[in-house]
Every structure is written in C-alpha cells, then in structure tokens.
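Chemist: Contents of work.cif (mmCIF, C-alpha atoms) are given next:
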data_data
#
loop_
_atom_site.group_PDB
_atom_site.id
_atom_site.type_symbol
_atom_site.label_atom_id
_atom_site.label_comp_id
_atom_site.auth_asym_id
_atom_site.auth_seq_id
_atom_site.Cartn_x
_atom_site.Cartn_y
_atom_site.Cartn_z
ATOM 1 C CA MET A 1 112.966 79.016 239.376
ATOM 2 C CA VAL A 2 115.299 81.672 240.789
ATOM 3 C CA ILE A 3 112.922 84.352 239.493
ATOM 4 C CA ILE A 4 110.078 82.866 241.555
ATOM 5 C CA GLN A 5 112.311 82.963 244.654
ATOM 6 C CA ILE A 6 113.176 86.617 243.973
ATOM 7 C CA ILE A 7 109.486 87.503 243.620
ATOM 8 C CA PHE A 8 108.720 85.529 246.805
ATOM 9 C CA PHE A 9 111.334 87.362 248.894
ATOM 10 C CA SER A 10 110.362 90.729 247.376
ATOM 11 C CA LEU A 11 106.734 90.041 248.301
ATOM 12 C CA LEU A 12 107.680 89.138 251.875
ATOM 13 C CA LEU A 13 109.902 92.190 252.354
ATOM 14 C CA THR A 14 107.380 94.609 250.865
ATOM 15 C CA THR A 15 104.421 93.307 252.830
ATOM 16 C CA ALA A 16 106.379 93.221 256.102
ATOM 17 C CA VAL A 17 107.214 96.903 255.636
ATOM 18 C CA THR A 18 103.713 97.993 254.636
ATOM 19 C CA ASP A 19 102.025 95.944 257.363
ATOM 20 C CA LEU A 20 104.267 97.376 260.080
ATOM 21 C CA ALA A 21 104.315 100.941 258.761
ATOM 22 C CA TYR A 22 100.724 101.357 257.532
ATOM 23 C CA LYS A 23 98.870 98.294 258.899
ATOM 24 C CA LYS A 24 97.941 97.450 255.287
ATOM 25 C CA ILE A 25 98.752 94.765 252.756
ATOM 26 C CA TYR A 26 98.033 96.332 249.411
ATOM 27 C CA ASN A 27 96.273 94.717 246.462
ATOM 28 C CA PHE A 28 98.768 96.314 244.081
ATOM 29 C CA ILE A 29 101.382 94.069 245.701
ATOM 30 C CA THR A 30 99.478 90.805 246.212
ATOM 31 C CA ILE A 31 97.420 90.602 243.002
ATOM 32 C CA PRO A 32 100.440 90.901 240.653
ATOM 33 C CA ALA A 33 102.288 88.355 242.815
ATOM 34 C CA ILE A 34 99.409 85.914 242.324
ATOM 35 C CA ALA A 35 99.511 86.505 238.550
ATOM 36 C CA LEU A 36 103.306 86.182 238.427
ATOM 37 C CA GLY A 37 103.122 82.947 240.422
ATOM 38 C CA LEU A 38 100.609 81.420 238.022
ATOM 39 C CA VAL A 39 102.456 82.551 234.908
ATOM 40 C CA GLY A 40 105.937 81.820 236.236
ATOM 41 C CA ASN A 41 105.105 78.347 237.476
ATOM 42 C CA SER A 42 103.355 77.600 234.171
ATOM 43 C CA VAL A 43 106.356 78.753 232.144
ATOM 44 C CA PHE A 44 108.962 76.985 234.290
ATOM 45 C CA GLY A 45 106.950 73.913 235.283
ATOM 46 C CA GLY A 46 104.390 73.420 232.526
ATOM 47 C CA TRP A 47 100.978 72.028 233.431
ATOM 48 C CA GLY A 48 102.426 70.370 236.531
ATOM 49 C CA GLY A 49 103.788 73.715 237.736
ATOM 50 C CA LEU A 50 100.457 75.404 237.113
ATOM 51 C CA LYS A 51 98.645 72.625 238.995
ATOM 52 C CA LEU A 52 100.919 72.945 242.059
ATOM 53 C CA SER A 53 100.542 76.727 241.918
ATOM 54 C CA LEU A 54 96.738 76.502 241.821
ATOM 55 C CA ILE A 55 96.694 74.003 244.697
ATOM 56 C CA GLY A 56 98.929 76.401 246.657
ATOM 57 C CA LEU A 57 96.524 79.250 245.904
ATOM 58 C CA LEU A 58 93.541 77.211 247.106
ATOM 59 C CA ILE A 59 95.209 75.952 250.290
ATOM 60 C CA GLY A 60 96.825 79.259 251.258
ATOM 61 C CA GLY A 61 93.927 81.495 250.343
ATOM 62 C CA GLY A 62 91.289 79.006 251.488
ATOM 63 C CA ALA A 63 92.732 78.356 254.946
ATOM 64 C CA PHE A 64 93.055 82.053 255.696
ATOM 65 C CA PHE A 65 89.712 82.878 254.079
ATOM 66 C CA LEU A 66 88.037 80.740 256.749
ATOM 67 C CA ILE A 67 89.762 82.799 259.452
ATOM 68 C CA PHE A 68 88.762 85.995 257.619
ATOM 69 C CA VAL A 69 85.090 84.928 257.486
ATOM 70 C CA PHE A 70 85.043 84.629 261.277
ATOM 71 C CA GLY A 71 86.618 88.070 261.689
ATOM 72 C CA GLY A 72 90.062 86.821 262.654
ATOM 73 C CA MET A 73 92.035 88.750 260.043
ATOM 74 C CA GLY A 74 91.811 91.137 257.135
ATOM 75 C CA GLY A 75 91.452 90.453 253.437
ATOM 76 C CA GLY A 76 95.017 91.554 252.719
ATOM 77 C CA ASP A 77 96.298 88.698 254.869
ATOM 78 C CA VAL A 78 94.197 86.235 252.845
ATOM 79 C CA LYS A 79 95.521 87.573 249.536
ATOM 80 C CA LEU A 80 99.091 87.533 250.857
ATOM 81 C CA MET A 81 98.825 83.861 251.785
ATOM 82 C CA ALA A 82 97.165 83.140 248.431
ATOM 83 C CA ALA A 83 100.072 84.885 246.677
ATOM 84 C CA ILE A 84 102.618 82.871 248.649
ATOM 85 C CA GLY A 85 100.738 79.685 247.795
ATOM 86 C CA THR A 86 100.648 80.620 244.127
ATOM 87 C CA LEU A 87 104.342 81.458 243.996
ATOM 88 C CA MET A 88 105.686 78.572 246.046
ATOM 89 C CA GLY A 89 102.993 75.988 245.325
ATOM 90 C CA TYR A 90 102.079 72.784 247.035
ATOM 91 C CA PRO A 91 103.429 71.271 249.345
ATOM 92 C CA PHE A 92 105.347 74.385 250.494
ATOM 93 C CA ILE A 93 102.143 76.246 251.384
ATOM 94 C CA VAL A 94 101.126 73.639 253.963
ATOM 95 C CA GLY A 95 104.186 74.448 256.070
ATOM 96 C CA ALA A 96 103.788 78.174 255.470
ATOM 97 C CA VAL A 97 100.178 78.100 256.710
ATOM 98 C CA PHE A 98 101.131 76.030 259.768
ATOM 99 C CA TYR A 99 104.107 78.194 260.751
ATOM 100 C CA SER A 100 102.230 81.439 260.058
ATOM 101 C CA ILE A 101 99.407 80.398 262.384
ATOM 102 C CA LEU A 102 101.954 79.333 265.006
ATOM 103 C CA VAL A 103 103.895 82.608 264.764
ATOM 104 C CA GLY A 104 100.673 84.652 264.780
ATOM 105 C CA GLY A 105 99.475 82.864 267.905
ATOM 106 C CA LEU A 106 102.788 83.467 269.658
ATOM 107 C CA MET A 107 102.720 87.131 268.637
ATOM 108 C CA ALA A 108 99.181 87.477 270.008
ATOM 109 C CA ILE A 109 100.103 85.872 273.330
ATOM 110 C CA ILE A 110 103.194 88.076 273.673
ATOM 111 C CA LEU A 111 101.108 91.190 272.917
ATOM 112 C CA MET A 112 98.451 90.162 275.457
ATOM 113 C CA ILE A 113 101.106 89.627 278.128
ATOM 114 C CA TRP A 114 102.741 92.965 277.224
ATOM 115 C CA LYS A 115 99.415 94.824 277.454
ATOM 116 C CA GLY A 116 98.266 92.922 280.549
ATOM 117 C CA THR A 117 95.162 91.491 278.862
ATOM 118 C CA LEU A 118 96.093 87.814 278.673
ATOM 119 C CA TRP A 119 93.576 86.551 281.236
ATOM 120 C CA SER A 120 90.674 88.741 280.082
ATOM 121 C CA SER A 121 91.349 87.820 276.446
ATOM 122 C CA PHE A 122 91.348 84.094 277.197
ATOM 123 C CA LYS A 123 88.095 84.463 279.161
ATOM 124 C CA ASN A 124 86.576 86.390 276.234
ATOM 125 C CA ILE A 125 87.635 83.700 273.726
ATOM 126 C CA PHE A 126 86.511 80.829 275.967
ATOM 127 C CA ARG A 127 83.105 82.450 276.639
ATOM 128 C CA SER A 128 82.523 83.023 272.927
ATOM 129 C CA PHE A 129 83.490 79.464 271.917
ATOM 130 C CA TYR A 130 81.599 77.894 274.818
ATOM 131 C CA THR A 131 78.366 79.715 274.024
ATOM 132 C CA SER A 132 78.778 78.835 270.343
ATOM 133 C CA LEU A 133 79.203 75.123 271.027
ATOM 134 C CA VAL A 134 76.704 74.448 273.820
ATOM 135 C CA PRO A 135 73.137 74.053 272.528
ATOM 136 C CA GLY A 136 70.531 76.276 274.148
ATOM 137 C CA LEU A 137 72.939 79.029 275.193
ATOM 138 C CA GLU A 138 72.718 82.448 273.648
ATOM 139 C CA ARG A 139 75.897 83.009 271.640
ATOM 140 C CA VAL A 140 78.208 85.655 273.102
ATOM 141 C CA PRO A 141 80.360 87.176 270.337
ATOM 142 C CA LEU A 142 83.988 88.106 270.864
ATOM 143 C CA ASP A 143 84.308 91.471 272.575
ATOM 144 C CA PRO A 144 86.270 93.751 270.235
ATOM 145 C CA GLU A 145 87.258 95.940 273.203
ATOM 146 C CA SER A 146 89.410 93.150 274.630
ATOM 147 C CA SER A 147 90.915 92.208 271.261
ATOM 148 C CA LEU A 148 94.382 93.372 270.304
ATOM 149 C CA PRO A 149 95.226 93.888 266.656
ATOM 150 C CA VAL A 150 98.133 91.697 265.597
ATOM 151 C CA PRO A 151 100.107 92.683 262.479
ATOM 152 C CA TYR A 152 99.299 89.328 260.930
ATOM 153 C CA GLY A 153 101.119 90.124 257.701
ATOM 154 C CA LEU A 154 104.328 90.023 259.726
ATOM 155 C CA ALA A 155 103.320 86.632 261.163
ATOM 156 C CA ILE A 156 102.729 85.358 257.615
ATOM 157 C CA VAL A 157 106.114 86.679 256.507
ATOM 158 C CA LEU A 158 107.927 85.065 259.449
ATOM 159 C CA GLY A 159 105.988 81.809 259.103
ATOM 160 C CA SER A 160 106.739 81.678 255.377
ATOM 161 C CA LEU A 161 110.435 82.323 256.006
ATOM 162 C CA TRP A 162 110.380 79.504 258.562
ATOM 163 C CA ALA A 163 108.757 77.191 255.994
ATOM 164 C CA TRP A 164 111.311 78.287 253.380
ATOM 165 C CA SER A 165 114.204 77.529 255.725
ATOM 166 C CA GLU A 166 112.708 74.082 256.401
ATOM 167 C CA SER A 167 112.271 73.412 252.676
ATOM 168 C CA TYR A 168 115.438 74.885 251.237
ATOM 169 C CA LEU A 169 118.059 74.904 253.992
ATOM 170 C CA SER A 170 117.630 71.398 255.397
#
In structure tokens, what does this structure look like?
Modeler:
Amino acid sequence: MVIIQIIFFSLLLTTAVTDLAYKKIYNFITIPAIALGLVGNSVFGGWGGLKLSLIGLLIGGGAFFLIFVFGGMGGGDVKLMAAIGTLMGYPFIVGAVFYSILVGGLMAIILMIWKGTLWSSFKNIFRSFYTSLVPGLERVPLDPESSLPVPYGLAIVLGSLWAWSESYLS
C-alpha cells in the first residue's frame, strides 16, 4: 500500500500549492486520484479494499457536499475530500473530515481576528441561523460582504495530515 501513500501525499502537496497560489483545486488532480484510489485499493485489498474505498468516498465527499450545498465551500474542496476518502478509505476518512473541519474553523477565526471582522461575522452567522430556525421569521441569508474566503483546501490538507499522524504515527 506504499503506492497509495505516495499518491495521497502527492495529492496533498499538489492541492496545497494550487489552493494557495491560484485559489483552485483542479479536477485534473482530484478525479485521477479518485480513480487511482478505487483501482489501487481494489488491486491491493480485493473486494474489501474496494468497499472501504467506496465508503471513504461517500463519507468524505458526502460530508463536504452538504457544506457545499449551503454555500460553505467550493466543489474542488468536495472532490478533494472524496479523493482522500477513496485513497485512504474508511475509517481514516472520519478523522480526516473531523480534523479538516476543526482546522478550517480555526483558520476562519484567525482570519476574522486578523481582519478585525470577528464580531460582525459572528453576528452575521447568528442572525442567519436564528432566522432560519425560528418559525415565522423571515430568513436572513449570510451576508457575503462580511464573509472571508478561507483557503479550505489547505485546511483539508492539514486536517488530513493530522489524521494520518494519528493513524500511522501513534
């Protein structure tokens, strides 16, 4: 499974660079990684490897697809997490999703503090959630003017490295 690890680390390095440099996670990187994860895990792990790879794809891609649907991230982030899930499989992807969300949240808070928008951003988020949950109130959508773009691909990379260190170094 060394080849899967090499593909995994290559994927993380490449997407970290492209997300920071161009604010993009390219399909020509993520789609082949998904295919290589499915094929590689099938070859090295048989039907069991394919099953764990598919579960990883569904958990990684599915969890981030929900965030994407609500406008919280781009499609490249979803495909990146799906690729990581496909390569590393289940149960690895559960930790990667958790740590990626944690790192992304910390990055967002640090950026809001840096830009001086922490309080206004929290008010914006609270107002949107409150009006969505309380019956009879007109829903107030998130104000894009007070939103800061977070390079979420980097958060996914760091969260996945954290999950890898938990899985393979402990």
Chemist: For the file shown, report as a PyMOL selection string the outcome of the PyMOL selection byres ((chain A and resi 84-97) around 9) at residue level.
Modeler: chain A and resi 4-5+7-8+11-12+30+33-38+40-41+49-61+63-64+79-83+98-102+156-164+166-167
Chemist: In terms of the shortest atom-to-atom distance over only C-alpha atoms, which of A:Val2, A:Leu154, A:Ile109, A:Val140 is closest to A:Ser128?
Modeler: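 Ranking A:Val2, A:Leu154, A:Ile109, A:Val140 by distance to A:Ser128, first place goes to A:Val140.
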Chemist: Can you work out the spacing between atom CA of A:Ala108 and atom CA of A:Phe9 in Å, to one decimal?
Modeler: 24.4 Å
Chemist: Rounded to one decimal, what separation in Å do you get between atom CA of A:Lys23 and atom CA of A:Ile3?
Modeler: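 Here the two named atoms are 27.7 Å from each other.
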Chemist: How many Å separate atom CA of A:Ser121 from atom CA of A:Leu142?
Modeler: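 Value for the atom CA of A:Ser121-atom CA of A:Leu142 distance: 9.2 Å.
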Chemist: Expand the PyMOL selection byres ((chain A and resi 127) around 12) into the individual residues it matches in the shown file, reporting them as number ranges by chain.
Modeler: A: 120-126, 128-134, 137-143
Chemist: Applied to this file, what does the PyMOL selection byres ((chain A and resi 150) around 9) return in terms of residues, put as a PyMOL selection string?
Modeler: chain A and resi 73+104+107-108+111+148-149+151-155
Chemist: Nearest to A:Ser10 among A:Gly71, A:Gly45, A:Pro32, A:Pro135, with distances taken over all atoms listed in the file: which residue is it?
Modeler: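 Smallest distance to A:Ser10 is found for A:Pro32.
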Chemist: Could you check the closest approach to A:Leu66 for each of A:Met112, A:Ile6, A:Val78, A:Gly105 and tell me which residue wins, using all atoms listed in the file?
Modeler: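 Of A:Met112, A:Ile6, A:Val78, A:Gly105, the one nearest A:Leu66, counting all atoms listed in the file, is A:Val78.
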Chemist: Of the candidates A:Gly75, A:Val39, A:Ile110, A:Thr117, which shows the shortest atom-to-atom distance to A:Asn27, using all atoms listed in the file?
Modeler: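 Looking only at the distances to A:Asn27, the closest residue turns out to be A:Gly75.
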Chemist: When you write stretch 14-45 of chain A out from the block above, keep N, CA and C atoms and present the result as a compact mmCIF listing (two decimals), in the first residue's frame, please.
Modeler:
# COMPACT_ATOMS: atom_id res chain seq x y z
N THR A 14 0.19 18.80 -3.91
CA THR A 14 -0.26 19.50 -5.12
C THR A 14 -1.44 20.41 -4.84
N THR A 15 -2.41 19.92 -4.10
CA THR A 15 -3.59 20.75 -3.84
C THR A 15 -3.29 21.89 -2.89
N ALA A 16 -2.37 21.69 -1.94
CA ALA A 16 -1.97 22.80 -1.06
C ALA A 16 -1.36 23.93 -1.89
N VAL A 17 -0.51 23.57 -2.82
CA VAL A 17 0.15 24.58 -3.67
C VAL A 17 -0.87 25.29 -4.56
N THR A 18 -1.73 24.53 -5.23
CA THR A 18 -2.67 25.17 -6.15
C THR A 18 -3.72 26.00 -5.41
N ASP A 19 -4.13 25.54 -4.23
CA ASP A 19 -5.13 26.30 -3.47
C ASP A 19 -4.54 27.61 -2.97
N LEU A 20 -3.30 27.58 -2.50
CA LEU A 20 -2.68 28.81 -2.02
C LEU A 20 -2.29 29.75 -3.16
N ALA A 21 -1.76 29.18 -4.24
CA ALA A 21 -1.28 30.02 -5.34
C ALA A 21 -2.41 30.53 -6.24
N TYR A 22 -3.38 29.68 -6.54
CA TYR A 22 -4.41 30.04 -7.53
C TYR A 22 -5.84 30.03 -6.98
N LYS A 23 -5.99 29.66 -5.69
CA LYS A 23 -7.31 29.53 -5.08
C LYS A 23 -8.20 28.55 -5.83
N LYS A 24 -7.58 27.47 -6.34
CA LYS A 24 -8.28 26.45 -7.12
C LYS A 24 -7.78 25.07 -6.71
N ILE A 25 -8.70 24.11 -6.74
CA ILE A 25 -8.35 22.70 -6.64
C ILE A 25 -8.86 22.08 -7.93
N TYR A 26 -7.95 21.65 -8.75
CA TYR A 26 -8.27 21.28 -10.12
C TYR A 26 -8.80 19.85 -10.25
N ASN A 27 -9.78 19.70 -11.15
CA ASN A 27 -10.33 18.38 -11.45
C ASN A 27 -9.27 17.43 -12.00
N PHE A 28 -8.31 17.96 -12.75
CA PHE A 28 -7.30 17.08 -13.34
C PHE A 28 -6.36 16.51 -12.27
N ILE A 29 -6.51 16.97 -11.05
CA ILE A 29 -5.76 16.40 -9.93
C ILE A 29 -6.66 15.47 -9.12
N THR A 30 -7.87 15.91 -8.80
CA THR A 30 -8.73 15.13 -7.90
C THR A 30 -9.39 13.92 -8.57
N ILE A 31 -9.84 14.08 -9.81
CA ILE A 31 -10.54 12.97 -10.47
C ILE A 31 -9.62 11.76 -10.68
N PRO A 32 -8.39 11.96 -11.19
CA PRO A 32 -7.49 10.79 -11.28
C PRO A 32 -7.16 10.18 -9.92
N ALA A 33 -7.08 11.02 -8.88
CA ALA A 33 -6.80 10.49 -7.54
C ALA A 33 -7.95 9.59 -7.07
N ILE A 34 -9.18 9.99 -7.39
CA ILE A 34 -10.33 9.15 -7.04
C ILE A 34 -10.23 7.81 -7.78
N ALA A 35 -9.94 7.87 -9.07
CA ALA A 35 -9.82 6.64 -9.87
C ALA A 35 -8.68 5.76 -9.36
N LEU A 36 -7.54 6.38 -9.06
CA LEU A 36 -6.39 5.61 -8.56
C LEU A 36 -6.69 4.99 -7.20
N GLY A 37 -7.44 5.70 -6.37
CA GLY A 37 -7.83 5.15 -5.07
C GLY A 37 -8.71 3.92 -5.22
N LEU A 38 -9.69 4.01 -6.11
CA LEU A 38 -10.58 2.86 -6.33
C LEU A 38 -9.83 1.67 -6.91
N VAL A 39 -9.03 1.93 -7.94
CA VAL A 39 -8.29 0.85 -8.58
C VAL A 39 -7.23 0.28 -7.63
N GLY A 40 -6.45 1.17 -7.02
CA GLY A 40 -5.38 0.72 -6.14
C GLY A 40 -5.88 -0.08 -4.95
N ASN A 41 -6.93 0.40 -4.32
CA ASN A 41 -7.46 -0.33 -3.17
C ASN A 41 -8.11 -1.64 -3.58
N SER A 42 -8.64 -1.70 -4.82
CA SER A 42 -9.18 -2.97 -5.33
C SER A 42 -8.06 -3.96 -5.59
N VAL A 43 -6.98 -3.49 -6.20
CA VAL A 43 -5.86 -4.37 -6.53
C VAL A 43 -5.19 -4.87 -5.25
N PHE A 44 -4.93 -3.97 -4.31
CA PHE A 44 -4.18 -4.35 -3.11
C PHE A 44 -5.06 -4.95 -2.02
N GLY A 45 -6.35 -4.64 -2.03
CA GLY A 45 -7.21 -5.11 -0.94
C GLY A 45 -8.39 -5.95 -1.38
